[in-house]
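What follows is a single structure, written as structure tokens, with notes after it.
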Amino acid sequence: MADTIKLITLGIAKGLQDAILGSLRVYKLDHEGREEVEEVQQTSEPRSTLAKRRAEKMKGMETKTSTKKEEPKVLQRIVLCCAWNGGVFWASMLIFNSLLMPLIHYMTELLFNSSSSQNLVWARLGPMLSWTFSTLWVLPLFILSKIVNSLWFRDIAEAAYRKSRGRPQLPSLSKMIADVLFSIVLQIFFLIQGMLARYLPIHGVGELVSLIHMCLLYSLYAFEYKWFNMGWEVHKRVSYIETNWPYFVGFGLPLAVLTALPSSLIISGCVFSILFPLFIISGNEAAPIQQSYCEFPLRLFSFVISISNAIFHRANRGNPPSVRGTPAGSPAKHGILKDPNKTR
């Protein structure tokens with residue numbers, strides 16, 4: 001028992017270390033990419049003087065064209081993502097709530113000389129301004145941020161993967177669509193399961209179980225880009241997290257705690273969008289131990305996998321069956337709807 005607790009503690013500490021220190025790799029990815037290109041150019045440089053001059057001319061022409069076609073660096077993409085979520089979205093809410101609303105309230109006090117009519121006017125004007133700002137600015141910008149962030153997160157993950165691991169191993173289009181759809185449904189139900197776990201009747205246990213859910217979910221978010229590019233299917237990702245759950249609890253712990261601190265869901269979403277690109281880099285650079293930290297896996301995904309399977313089977317019930325009885329075009333046909341507990 002003592003050895004199991006020790007291994008779990010070490011696994012959590014290792015995941016926490018990789019999550020924090022791995023994000024620092026963002027400063028080295030672009031630099032290492034340039035060094036590899038320079039080494040290739042140096043090793044392939046010809047020895048003859050005439051060939052060297054020709055190579056220098058070609059190199060000069062390539063540098064002129066490459067400056068125009070050079071892709072944005074990983075760090076630049078992360079800065080843009082943070083500037084959008086923190087500098088535009090979050091800053092606009094802070095300006096409205098901390099500057100504009102107190103200023104308007106002060107102006108009403110000056111106009112009505114702090115009389116009872118002023119309290120009546122502000123009691124109606126304040127909620128109306130907040131509702132208008134939330135409806136016409138916060139909600140549309142929140143939806144737009146979700147779309148933009150999803151594209152930027154994918155872009156950052158692919159750029160980091162190419163710089164450190166090379167070309168991704170992408171599956172076929174039909175399998176890719178099935179994988180993405182099933183993964184989204186599974187993550188939504190797992191999030192709901194984690195939120196419901198907070199209401200367990202035992203004091204303190206509900207909060208702990210909910211925190212573990214969020215840690216595993218954020219780890220799945222961060223590692224899913226790399227695993228998808230490596231060709232891992234959904235059941236393999238989930239099985240790997242359940243088997244090595246202490247590591248992934250520690251890896252997702254910083255993001256789970258920091259996003260839980262704000263009382264507003266909007267502010268929590270901003271914090272997540274600002275920090276998550278760094279966790280994508282950490283997940284891309286991390287190398288979890290390939291064995292279980294303890295004797296038992298933490299099978300928290302089994303219930304949501306069953307629900308997701310039922311939904312996809314019902315949605316594909318009207319499609320013509322395949323040779324083996326699997327609905328044509330369904331994710332189960334591609335092998336991503338398997339229960340991870342049955343694959344061991």
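Scheme for the structure tokens: letters A, B, ... for chains in order shown; per-chain residue numbers from 1; ligand numbers from 1 in order shown.
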List every residue of range 174-212 of chain A that DSSP, applied to the backbone of this structure, places in alpha helix (DSSP H), and write the result as a PDB file with C-alpha atoms, in the first residue's frame.
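Done, and the output landed in result_7.pdb:
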ATOM      1  CA  SER A 174     -13.874   9.593 -43.060  1.00  0.00           C
ATOM      2  CA  LYS A 175     -11.945   8.201 -40.107  1.00  0.00           C
ATOM      3  CA  MET A 176     -10.776  11.699 -39.157  1.00  0.00           C
ATOM      4  CA  ILE A 177     -14.341  13.059 -39.102  1.00  0.00           C
ATOM      5  CA  ALA A 178     -15.589  10.094 -37.069  1.00  0.00           C
ATOM      6  CA  ASP A 179     -12.679  10.469 -34.645  1.00  0.00           C
ATOM      7  CA  VAL A 180     -13.280  14.191 -34.100  1.00  0.00           C
ATOM      8  CA  LEU A 181     -17.049  13.839 -33.662  1.00  0.00           C
ATOM      9  CA  PHE A 182     -16.793  10.979 -31.204  1.00  0.00           C
ATOM     10  CA  SER A 183     -14.032  12.739 -29.256  1.00  0.00           C
ATOM     11  CA  ILE A 184     -16.141  15.897 -28.918  1.00  0.00           C
ATOM     12  CA  VAL A 185     -19.182  13.968 -27.693  1.00  0.00           C
ATOM     13  CA  LEU A 186     -17.066  11.985 -25.221  1.00  0.00           C
ATOM     14  CA  GLN A 187     -15.421  15.128 -23.832  1.00  0.00           C
ATOM     15  CA  ILE A 188     -18.776  16.891 -23.388  1.00  0.00           C
ATOM     16  CA  PHE A 189     -20.240  14.002 -21.385  1.00  0.00           C
ATOM     17  CA  PHE A 190     -17.046  13.629 -19.361  1.00  0.00           C
ATOM     18  CA  LEU A 191     -17.228  17.336 -18.496  1.00  0.00           C
ATOM     19  CA  ILE A 192     -20.843  16.925 -17.374  1.00  0.00           C
ATOM     20  CA  GLN A 193     -19.856  13.874 -15.330  1.00  0.00           C
ATOM     21  CA  GLY A 194     -17.118  15.885 -13.634  1.00  0.00           C
ATOM     22  CA  MET A 195     -19.507  18.748 -12.844  1.00  0.00           C
ATOM     23  CA  LEU A 196     -22.076  16.348 -11.370  1.00  0.00           C
ATOM     24  CA  ALA A 197     -19.381  14.688  -9.242  1.00  0.00           C
ATOM     25  CA  VAL A 205     -14.911  14.028  -1.786  1.00  0.00           C
ATOM     26  CA  GLY A 206     -17.111  15.613  -4.444  1.00  0.00           C
ATOM     27  CA  GLU A 207     -14.703  18.516  -4.944  1.00  0.00           C
ATOM     28  CA  LEU A 208     -11.738  16.127  -5.151  1.00  0.00           C
ATOM     29  CA  VAL A 209     -13.411  13.819  -7.684  1.00  0.00           C
ATOM     30  CA  SER A 210     -14.500  16.810  -9.764  1.00  0.00           C
ATOM     31  CA  LEU A 211     -10.937  18.185  -9.711  1.00  0.00           C
ATOM     32  CA  ILE A 212      -9.559  14.814 -10.875  1.00  0.00           C
TER      33      ILE A 212
END
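As for CA of Leu151 in chain A and CA of Val74 in chain A, they are spaced 13.8 Å apart.
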Identify, on the basis of only C-alpha atoms, every residue whose closest approach to range 268-281 of chain A does not exceed 7 Å; exclude the query and any residue fewer than 4 positions from it along the same chain; express the result as a list of chain:residue names. A:Ala19, A:Gly22, A:Ser23, A:Val26, A:Ile78, A:Cys81, A:Cys82, A:Asn85, A:Gly86, A:Trp90, A:Phe153, A:Ala157, A:Ala160, A:Ala222, A:Phe223, A:Thr259, A:Ala260, A:Pro262, A:Ser264, A:Glu285
